[in-house]
Structures are given as structure tokens and as C-alpha cells.
Protein chains: 2
Amino acid sequence: MSREITGFSNPLVKRVRSLREKKHRKREGLFLAEGLRILTEAREEGVLPEMLFHAGSPHPLARELIAAMEAAGGDVIETTADILSKISGKDNPQALVGVYRDRLTPLEALDRSSADIWIVAQSLRDPGNLGTILRTGDAVGAGGLILVDDCVDPFSVEAVRASMGALFTQTISTARWEDFIAWLRQGPGQLVGTSLNTTSHYRAARYASPTFLLVGNEAQGLPESYEAECDLLVKMPMLGKADSLNVAVATAVMAYEILNQNQDRKGSAQ
Amino acid sequence: MSREITGFSNPLVKRVRSLREKKHRKREGLFLAEGLRILTEAREEGVLPEMLFHAGSPHPLARELIAAMEAAGGDVIETTADILSKISGKDNPQALVGVYRDRLTPLEALDRSSADIWIVAQSLRDPGNLGTILRTGDAVGAGGLILVDDCVDPFSVEAVRASMGALFTQTISTARWEDFIAWLRQGPGQLVGTSLNTTSHYRAARYASPTFLLVGNEAQGLPESYEAECDLLVKMPMLGKADSLNVAVATAVMAYEILNQNQDRKGSAQ
């Protein structure tokens with residue numbers, strides 16, 4: 001179904017704009033993703049939006065997306081650049097805005113043996129960090145991201161943007177710590193945390209597949225009792241004045257080390 | 001000198017608040033840093049602000065900072081939480097705001113042999129990425145950050161915040177590409193870029209000290225002619241759908257690999 005909306009006060013425009021706020025996302029089970037690159041990445045994963053807003057983009061990939069939406073009976077809405085601005089909250093809006101259904105997977109539905117690495121983040125606060133960690137997860141072939149305790153909403157506009165589309169390629173679960181641990185201990189999986197309270201160098205340690213890489217809150221790091229639950233604590237060299245890295249950076253340095261060890265092992269087993 | 005300001009319309013409050021904008025920072029040669037942690041990091045580096053605003057913080061480190069300012073004849077201004085909010089543009093302001101003198105170092109003044117790693121960023125746009133790269137530079141013992149072409153202002157409030165104080169521990173230079181290359185080629189230094197246009201695995205490559213790690217713009221990556229100037233191009237494995245990492249993440253994965261190789265070399269030379 002294709003239609004046109006040119007009025008700022010159209011109820012649908014207001015409703016879609018409201019998805020910038022978490023409470024409305026939660027109520028509707030929907031979220032926004034913006035821009036040709038991210039929407040194309042989603043389509044390549046077989047995910048189409050429930051609604052697609054565009055301002056008559058001439059880009060071939062945008063035309064393909066619109067055609068795919070129409071073939072699937074999706075809701076395609078042509079509108080003005082001003083209304084796209086209003087929806088996206090930006091002066092220079094992306095030429096496309098999609099409204100997607102939430103993509104949370106229950107812990108119990110995860111197939112832990114499908115990947116060598118899973119990333120587990122605890123009380124993550126910054127949507128840019130969350131999106132960046134998803135993007136890294138995609139790059140290292142992680143199975144997905146498990147958000148423990150009160151993390152920032154992975155479906156916030158900022159997190160979706162920082163993920164550069166990895167939100168659609170990575171499985172995302174949320175869990176309380178107790179429930180995560182109970183699930184983890186039902187099967188194989190090495191829980192690895194980064195910590196200052198250890199002398200194990202992250203490169204000297206040996207990671208077992210599947211590795212569950214646990215990273216903590218931006219300001220506090222991991223609680224002591226969470227560190228105590230880890231099968232392995234490692235640390236990265238810190239030569240400077242500070243005692244910590246940005247959490248998305250630390251996650252990536254660790255994840256690449258785990259990936260490298262897995263690739264070395266598979267290479268030498270051949 | 002200690003004094004008290006309680007009026008919102010005080011000219012100094014307006015002037016300090018204006019430092020949130022680049023044009024005013026540039027005109028005054030001053031910038032803002034906020035929060036006890038970052039200001040304490042600066043003091044430990046021997047850097048005191050020109051002006052310090054506080055709202056009567058009882059924290060011992062804040063008292064120490066105020067005492068150090070008073071001993072040095074600095075300008076200490078006690079004010080209200082509301083005015084700190086106005087200066088910092090945040091509802092929950094940090095209890096301390098410092099006004100610092102710009103800290104740019106001319107290329108010619110860099111001692112390239114003082115460190116094994118230097119980070120060179122080209123046309124970086126996001127202040128959070130810039131600050132995060134500074135923080136990583138501190139952690140890996142980099143000599144500093146060289147900003148090439150039109151990068152975001154390293155003294156923006158967001159960049160200072162993301163650096164977590166590394167702005168005060170890392171040397172920062174800015175240069176046009178041509179001037180950077182001319183300077184680089186006057187002495188030792190291996191220019192290393194990350195690229196999709198190579199088959200060299202970043203871990204198989206060998207880095208020579210000092211390594212100048214070159215990273216490109218968030219959206220475009222490095223221009224081809226810049227890649228052509230590199231002594232070595234390497235790539236990181238990308239197992240997912242995307243073909244790039246967040247730039248601060250890619251910088252960190254590379255910088256830790258370079259650090260690891262340097263530490264291995266020094267370890268085996270002993």
C-alpha cells in the first residue's frame with residue numbers, strides 16, 4: 001500500500017515521531033531506523049519495516065526497498081523533507097525512515113553453539129556504546145548481544161544509528177543477572193570478564209568456545225559479585241594515567257583477541 | 001583569587017558559557033572541562049585551569065584542586081548549582097567546571113622518538129570518537145594525536161568528556177595532510193593505514209617504531225591518495241555483513257596490536 005502524507009498534524013506523523021521516546025516504543029513494540037544504508041542492511045537480512053517513509057528518493061537502493069515493501073504489502077508513505085525532519089528530529093534528515101517491529105529474542109531461544117563469541121553487557125548507559133558494540137559483534141561473528149540488568153534501550157534512535165545496521169544482524173536478548181547466570185550454567189560457555197583485579201594478561205589467557213565476554217557499566221565497571229562469577233578474569237595493559245578504556249573499545253580489543261585465537265586454533269587444526 | 005558569583009546575567013558566566021561554541025573557543029583560546037575526575041587528571045599532569053567554577057563541593061579532591069588554584073593565584077569562582085547548569089548546559093551539572101588554555105602543539109615541536117605509537121586521524125567528525133581515541137592513546141602509551149585536515153574540534157565539551165582526561169595527557173597537533181607528510185618524511189616513522197584494499201592481515205604485519213597509525217573519516221575512510229602514501233596497509237577480519245568498524249574501535253584494535261608487538265619485541269630482547 002502506498003500513500004502520501006503532506007500534513008504536519010497527521011496523526012500517523014505524530015505517532016511515528018513519538019517512537020523517539022522509549023515509553024512509546026515500549027507501548028507500541030516498534031522502533032525507528034533511519035537512512036538508506038541501515039534500511040538496506042536490514043532488507044539484506046530479510047527484515048522489512050512495517051512502515052516506510054520517504055521523500056521521493058531517487059536512489060536505486062531506495063527504489064528497490066520501496067518495491068520490496070510494495071510486493072510484501074507493506075505500508076509505504078511518501079512525504080515531504082520537512083515531515084521527515086520532524087520525524088527524525090534532525091535538520092538534515094535521512095531520506096528514508098523505517099518503522100520496525102522490536103527484535104528481542106528470549107534467552108531460552110538462543111543457540112549458544114551457533115557462535116564462538118557472545119557479548120554480554122551489564123548496565124550499559126550510552127546508546128552510542130551499545131550500537132558500537134553491536135557493530136563490533138557483527139564484525140567478529142558474535143552470536144549476539146545479551147543485555148543484563150538496566151541497560152539503555154537498544155532500539156533508541158542513537159543506538160540504532162551507531163549500530164550501522166548491526167541491530168538487524170545481531171540477536172539481542174535482555175535478562176536479569178540471575179536469570180542470565182542460570183541459563184548460562186545449563187550448557188557450555190566460558191564467562192570472561194575484564195578487570196583490574198587480576199594479573200592475567202588478555203593475550204596470555206586461553207578462551208574456550210563459546211566465550212561469553214562480559215563488560216560492565218561505563219562508570220562503575222562490573223560489580224565484584226559479577227566478577228566472582230566469571231570463569232576467567234583478564235586485563236589489558238594500561239600504560240597511561242587512566243585505568244580504563246571506553247567500554248566499546250575494551251569490548252572490541254577483547255573480541256578481536258578471542259576471534260584471533262579461534263581462527264588460529266581452526267587454522268592449526270586443518 | 002577567590003570570589004563568588006550568584007547572578008545569571010554576570011558577564012563572566014555568559015562568557016564562559018559561550019565557550020561551548022567553537023567560534024568563541026577559537027577567539028579566546030580557551031575551552032571547558034567538567035567534572036572532578038577530568039579536572040583531577042589534569043592537575044596530576046600539572047595542568048591547572050585559568051578559572052575554576054564550583055558550587056561548594058565538599059569532595060577532598062575538589063578541596064585540593066581549589067587549594068592548588070589559590071596557591072597558584074588562579075581564579076576560583078564559587079557559584080550556584082543553577083549557574084553551573086547554565087555553564088555546562090546540563091540539568092545535572094558536574095560539581096566543577098574548569099576553563100583551560102588551548103593545548104595544541106605544533107608538529108615541529110613533537111619528539112617522534114618519545115613514543116612507539118602515534119595516532120593520526122583524518123577528517124574525524126564525531127567528538128565522541130575523537131575523545132575516545134585520545135583515551136585509547138593514553139592507554140597504549142601513544143605519543144599523541146595528530147589531527148589531519150578538517151577534524152572536529154578536540155576542545156569541544158563532548159570530546160573533552162569522552163577523553164576522560166586524556167586530553168591533558170596526550171599531545172595534540174593539527175596539520176594539513178601535505179604538511180604532515182612533509183614533516184613525517186623528515187625522520188623515522190612507519191605510516192600504517194587500515195584499508196579494505198589489501199590482503200595484509202593486521203596481526204601478520206610487522207610494525208616498526210615509531211608507528212604512525214592513520215585512520216580516516218567515519219563515513220568515507222581514507223582517501224585513496226592517502227592510502228597510497230602509507231608504508232603499510234593492513235586489514236582486520238570482518239566476518240559480518242558490514243565492511244567497517246567504528247573508527248575509535250578500529251583505532252584501538254590496531255593500537256593494541258602495535259603495543260603487543262612492541263612489548264613482545266622488548267620482552268624477547270631482554
# chains A, B, ... in the order shown; residues from 1 in each chain; ligands from 1

call {"tool": "interface_residues", "arguments": {"of": "chain A", "to": "chain B", "cutoff": "7 Å", "atoms": "only C-alpha atoms", "output": "list in words"}}
result
Thr132, Arg135, Thr136, Asp138, Ala139, Val140, Gly141, Met238, Leu239, Gly240, Lys241, Ala242, Leu245, Asn246, Val249, Ala252 and Val253 of chain A

call {"tool": "write_last_selection", "arguments": {"atoms": "all heavy atoms", "output": "mmCIF file, in the first residue's frame"}}
result
data_model
loop_
_atom_site.group_PDB
_atom_site.id
_atom_site.type_symbol
_atom_site.label_atom_id
_atom_site.label_comp_id
_atom_site.auth_asym_id
_atom_site.auth_seq_id
_atom_site.Cartn_x
_atom_site.Cartn_y
_atom_site.Cartn_z
ATOM 1 N N THR A 132 27.695 0.683 18.985
ATOM 2 C CA THR A 132 29.055 0.370 18.542
ATOM 3 C C THR A 132 29.419 -1.068 18.890
ATOM 4 O O THR A 132 30.072 -1.766 18.105
ATOM 5 C CB THR A 132 30.056 1.354 19.178
ATOM 6 O OG1 THR A 132 29.696 2.682 18.789
ATOM 7 C CG2 THR A 132 31.474 1.067 18.734
ATOM 8 N N ARG A 135 27.855 -3.330 16.408
ATOM 9 C CA ARG A 135 28.609 -3.267 15.147
ATOM 10 C C ARG A 135 29.865 -4.134 15.241
ATOM 11 O O ARG A 135 30.226 -4.852 14.298
ATOM 12 C CB ARG A 135 28.960 -1.798 14.876
ATOM 13 C CG ARG A 135 29.571 -1.527 13.529
ATOM 14 C CD ARG A 135 29.765 -0.020 13.362
ATOM 15 N NE ARG A 135 30.432 0.317 12.126
ATOM 16 C CZ ARG A 135 30.853 1.537 11.820
ATOM 17 N NH1 ARG A 135 30.661 2.543 12.669
ATOM 18 N NH2 ARG A 135 31.466 1.769 10.679
ATOM 19 N N THR A 136 30.557 -4.075 16.381
ATOM 20 C CA THR A 136 31.735 -4.918 16.594
ATOM 21 C C THR A 136 31.336 -6.385 16.623
ATOM 22 O O THR A 136 32.031 -7.246 16.066
ATOM 23 C CB THR A 136 32.425 -4.527 17.911
ATOM 24 O OG1 THR A 136 32.832 -3.158 17.841
ATOM 25 C CG2 THR A 136 33.636 -5.400 18.180
ATOM 26 N N ASP A 138 28.924 -7.838 15.078
ATOM 27 C CA ASP A 138 28.745 -8.250 13.684
ATOM 28 C C ASP A 138 30.103 -8.574 13.049
ATOM 29 O O ASP A 138 30.270 -9.602 12.397
ATOM 30 C CB ASP A 138 28.034 -7.131 12.911
ATOM 31 C CG ASP A 138 27.907 -7.419 11.426
ATOM 32 O OD1 ASP A 138 26.985 -8.149 11.040
ATOM 33 O OD2 ASP A 138 28.748 -6.920 10.645
ATOM 34 N N ALA A 139 31.084 -7.695 13.278
ATOM 35 C CA ALA A 139 32.392 -7.840 12.625
ATOM 36 C C ALA A 139 33.135 -9.091 13.080
ATOM 37 O O ALA A 139 33.836 -9.722 12.298
ATOM 38 C CB ALA A 139 33.255 -6.598 12.872
ATOM 39 N N VAL A 140 33.012 -9.446 14.362
ATOM 40 C CA VAL A 140 33.759 -10.604 14.869
ATOM 41 C C VAL A 140 32.939 -11.893 14.780
ATOM 42 O O VAL A 140 33.372 -12.939 15.274
ATOM 43 C CB VAL A 140 34.246 -10.396 16.331
ATOM 44 C CG1 VAL A 140 35.185 -9.193 16.402
ATOM 45 C CG2 VAL A 140 33.083 -10.254 17.306
ATOM 46 N N GLY A 141 31.761 -11.810 14.183
ATOM 47 C CA GLY A 141 30.939 -13.008 14.053
ATOM 48 C C GLY A 141 30.311 -13.456 15.359
ATOM 49 O O GLY A 141 30.095 -14.657 15.572
ATOM 50 N N MET A 238 47.494 -1.097 30.483
ATOM 51 C CA MET A 238 47.101 0.309 30.511
ATOM 52 C C MET A 238 48.354 1.077 30.873
ATOM 53 O O MET A 238 48.749 1.124 32.030
ATOM 54 C CB MET A 238 46.028 0.545 31.583
ATOM 55 C CG MET A 238 44.766 -0.303 31.468
ATOM 56 S SD MET A 238 43.653 0.191 30.139
ATOM 57 C CE MET A 238 43.417 1.899 30.558
ATOM 58 N N LEU A 239 48.997 1.682 29.875
ATOM 59 C CA LEU A 239 50.285 2.332 30.118
ATOM 60 C C LEU A 239 50.154 3.771 30.572
ATOM 61 O O LEU A 239 51.138 4.383 30.971
ATOM 62 C CB LEU A 239 51.133 2.301 28.836
ATOM 63 C CG LEU A 239 51.360 0.933 28.189
ATOM 64 C CD1 LEU A 239 52.424 1.053 27.108
ATOM 65 C CD2 LEU A 239 51.758 -0.115 29.207
ATOM 66 N N GLY A 240 48.962 4.328 30.466
ATOM 67 C CA GLY A 240 48.822 5.755 30.714
ATOM 68 C C GLY A 240 48.367 6.073 32.119
ATOM 69 O O GLY A 240 48.559 5.309 33.058
ATOM 70 N N LYS A 241 47.752 7.228 32.232
ATOM 71 C CA LYS A 241 47.307 7.705 33.535
ATOM 72 C C LYS A 241 45.973 7.084 33.920
ATOM 73 O O LYS A 241 45.663 6.944 35.093
ATOM 74 C CB LYS A 241 47.131 9.230 33.497
ATOM 75 C CG LYS A 241 48.375 9.983 33.073
ATOM 76 C CD LYS A 241 49.392 10.005 34.183
ATOM 77 C CE LYS A 241 50.696 10.626 33.664
ATOM 78 N NZ LYS A 241 51.719 10.717 34.695
ATOM 79 N N ALA A 242 45.164 6.780 32.934
ATOM 80 C CA ALA A 242 43.819 6.291 33.224
ATOM 81 C C ALA A 242 43.852 4.801 33.513
ATOM 82 O O ALA A 242 44.819 4.106 33.180
ATOM 83 C CB ALA A 242 42.900 6.575 32.047
ATOM 84 N N LEU A 245 39.411 1.825 29.696
ATOM 85 C CA LEU A 245 39.141 2.206 28.314
ATOM 86 C C LEU A 245 37.658 2.478 28.157
ATOM 87 O O LEU A 245 36.847 2.038 28.973
ATOM 88 C CB LEU A 245 39.514 1.050 27.389
ATOM 89 C CG LEU A 245 40.991 0.722 27.248
ATOM 90 C CD1 LEU A 245 41.167 -0.671 26.636
ATOM 91 C CD2 LEU A 245 41.688 1.752 26.377
ATOM 92 N N ASN A 246 37.279 3.156 27.118
ATOM 93 C CA ASN A 246 35.868 3.214 26.748
ATOM 94 C C ASN A 246 35.345 1.781 26.620
ATOM 95 O O ASN A 246 36.044 0.894 26.118
ATOM 96 C CB ASN A 246 35.751 3.965 25.413
ATOM 97 C CG ASN A 246 34.397 3.782 24.773
ATOM 98 O OD1 ASN A 246 34.154 2.775 24.105
ATOM 99 N ND2 ASN A 246 33.503 4.724 24.970
ATOM 100 N N VAL A 249 35.394 0.185 23.220
ATOM 101 C CA VAL A 249 36.776 -0.074 22.811
ATOM 102 C C VAL A 249 37.308 -1.332 23.494
ATOM 103 O O VAL A 249 37.893 -2.219 22.852
ATOM 104 C CB VAL A 249 37.651 1.165 23.137
ATOM 105 C CG1 VAL A 249 39.119 0.789 23.291
ATOM 106 C CG2 VAL A 249 37.464 2.242 22.072
ATOM 107 N N ALA A 252 35.868 -4.415 21.986
ATOM 108 C CA ALA A 252 36.418 -4.732 20.670
ATOM 109 C C ALA A 252 37.815 -5.337 20.774
ATOM 110 O O ALA A 252 38.134 -6.300 20.066
ATOM 111 C CB ALA A 252 36.452 -3.476 19.796
ATOM 112 N N VAL A 253 38.654 -4.788 21.637
ATOM 113 C CA VAL A 253 40.012 -5.325 21.781
ATOM 114 C C VAL A 253 39.937 -6.774 22.267
ATOM 115 O O VAL A 253 40.612 -7.663 21.748
ATOM 116 C CB VAL A 253 40.854 -4.435 22.727
ATOM 117 C CG1 VAL A 253 42.197 -5.088 23.040
ATOM 118 C CG2 VAL A 253 41.063 -3.055 22.114
#

call {"tool": "select_by_dssp", "arguments": {"residues": "region 182-223 of chain B", "states": "strand (DSSP E or B)", "output": "number ranges by chain"}}
result
B: 190-194, 201, 211-215, 217, 221

call {"tool": "write_last_selection", "arguments": {"atoms": "N, CA and C atoms", "output": "PDB file, in the first residue's frame"}}
result
ATOM      1  N   GLN B 190      56.913   4.789  10.453  1.00  0.00           N
ATOM      2  CA  GLN B 190      56.185   3.940   9.505  1.00  0.00           C
ATOM      3  C   GLN B 190      54.723   4.377   9.506  1.00  0.00           C
ATOM      4  N   LEU B 191      54.229   4.760   8.332  1.00  0.00           N
ATOM      5  CA  LEU B 191      52.841   5.205   8.221  1.00  0.00           C
ATOM      6  C   LEU B 191      51.977   3.992   7.881  1.00  0.00           C
ATOM      7  N   VAL B 192      51.068   3.650   8.780  1.00  0.00           N
ATOM      8  CA  VAL B 192      50.247   2.448   8.638  1.00  0.00           C
ATOM      9  C   VAL B 192      48.779   2.848   8.539  1.00  0.00           C
ATOM     10  N   GLY B 193      48.130   2.376   7.499  1.00  0.00           N
ATOM     11  CA  GLY B 193      46.709   2.648   7.338  1.00  0.00           C
ATOM     12  C   GLY B 193      45.898   1.367   7.352  1.00  0.00           C
ATOM     13  N   THR B 194      44.645   1.458   7.786  1.00  0.00           N
ATOM     14  CA  THR B 194      43.741   0.316   7.667  1.00  0.00           C
ATOM     15  C   THR B 194      42.928   0.512   6.402  1.00  0.00           C
ATOM     16  N   HIS B 201      46.884  -9.127   6.712  1.00  0.00           N
ATOM     17  CA  HIS B 201      46.190  -9.258   7.998  1.00  0.00           C
ATOM     18  C   HIS B 201      46.911  -8.398   9.035  1.00  0.00           C
ATOM     19  N   THR B 211      55.470   3.909  15.007  1.00  0.00           N
ATOM     20  CA  THR B 211      54.384   3.661  14.059  1.00  0.00           C
ATOM     21  C   THR B 211      53.420   4.839  14.086  1.00  0.00           C
ATOM     22  N   PHE B 212      53.110   5.350  12.926  1.00  0.00           N
ATOM     23  CA  PHE B 212      52.076   6.378  12.807  1.00  0.00           C
ATOM     24  C   PHE B 212      50.824   5.694  12.251  1.00  0.00           C
ATOM     25  N   LEU B 213      49.874   5.473  13.125  1.00  0.00           N
ATOM     26  CA  LEU B 213      48.635   4.765  12.777  1.00  0.00           C
ATOM     27  C   LEU B 213      47.636   5.782  12.222  1.00  0.00           C
ATOM     28  N   LEU B 214      47.314   5.607  10.948  1.00  0.00           N
ATOM     29  CA  LEU B 214      46.451   6.574  10.252  1.00  0.00           C
ATOM     30  C   LEU B 214      45.039   6.015  10.119  1.00  0.00           C
ATOM     31  N   VAL B 215      44.075   6.767  10.624  1.00  0.00           N
ATOM     32  CA  VAL B 215      42.665   6.349  10.487  1.00  0.00           C
ATOM     33  C   VAL B 215      41.876   7.471   9.821  1.00  0.00           C
ATOM     34  N   ASN B 217      38.135   9.263   8.020  1.00  0.00           N
ATOM     35  CA  ASN B 217      36.808   9.787   8.329  1.00  0.00           C
ATOM     36  C   ASN B 217      35.776   8.668   8.552  1.00  0.00           C
ATOM     37  N   GLY B 221      36.205   6.817   5.223  1.00  0.00           N
ATOM     38  CA  GLY B 221      37.507   6.164   5.354  1.00  0.00           C
ATOM     39  C   GLY B 221      38.596   7.059   4.780  1.00  0.00           C
TER      40      GLY B 221
END

call {"tool": "residues_around", "arguments": {"residues": "Leu184 (chain A)", "least_positions_apart": "3", "cutoff": "12 Å", "atoms": "only C-alpha atoms", "output": "ChimeraX atom specification"}}
result
/A:107-108,110-113,118,120,146,175,177-181,187-191,210-212,229-231

call {"tool": "atom_distance", "arguments": {"atom1": "CA of Val148 (chain A)", "atom2": "CA of Leu233 (chain A)"}}
result
18.1 Å

call {"tool": "residues_around", "arguments": {"residues": "Val47 (chain B)", "least_positions_apart": "2", "cutoff": "12 Å", "atoms": "only C-alpha atoms", "output": "list in words"}}
result
Ala33, Ile38, Leu39, Thr40, Glu41, Ala42, Arg43, Glu44, Glu45, Pro49, Glu50, Met51, Leu65, Ala68, Met69, Ala72, Gly74, Gly98, Val99, Tyr100, Arg101, Asp102, Arg103, Gly165, Leu167, Phe168 and Thr169 of chain B
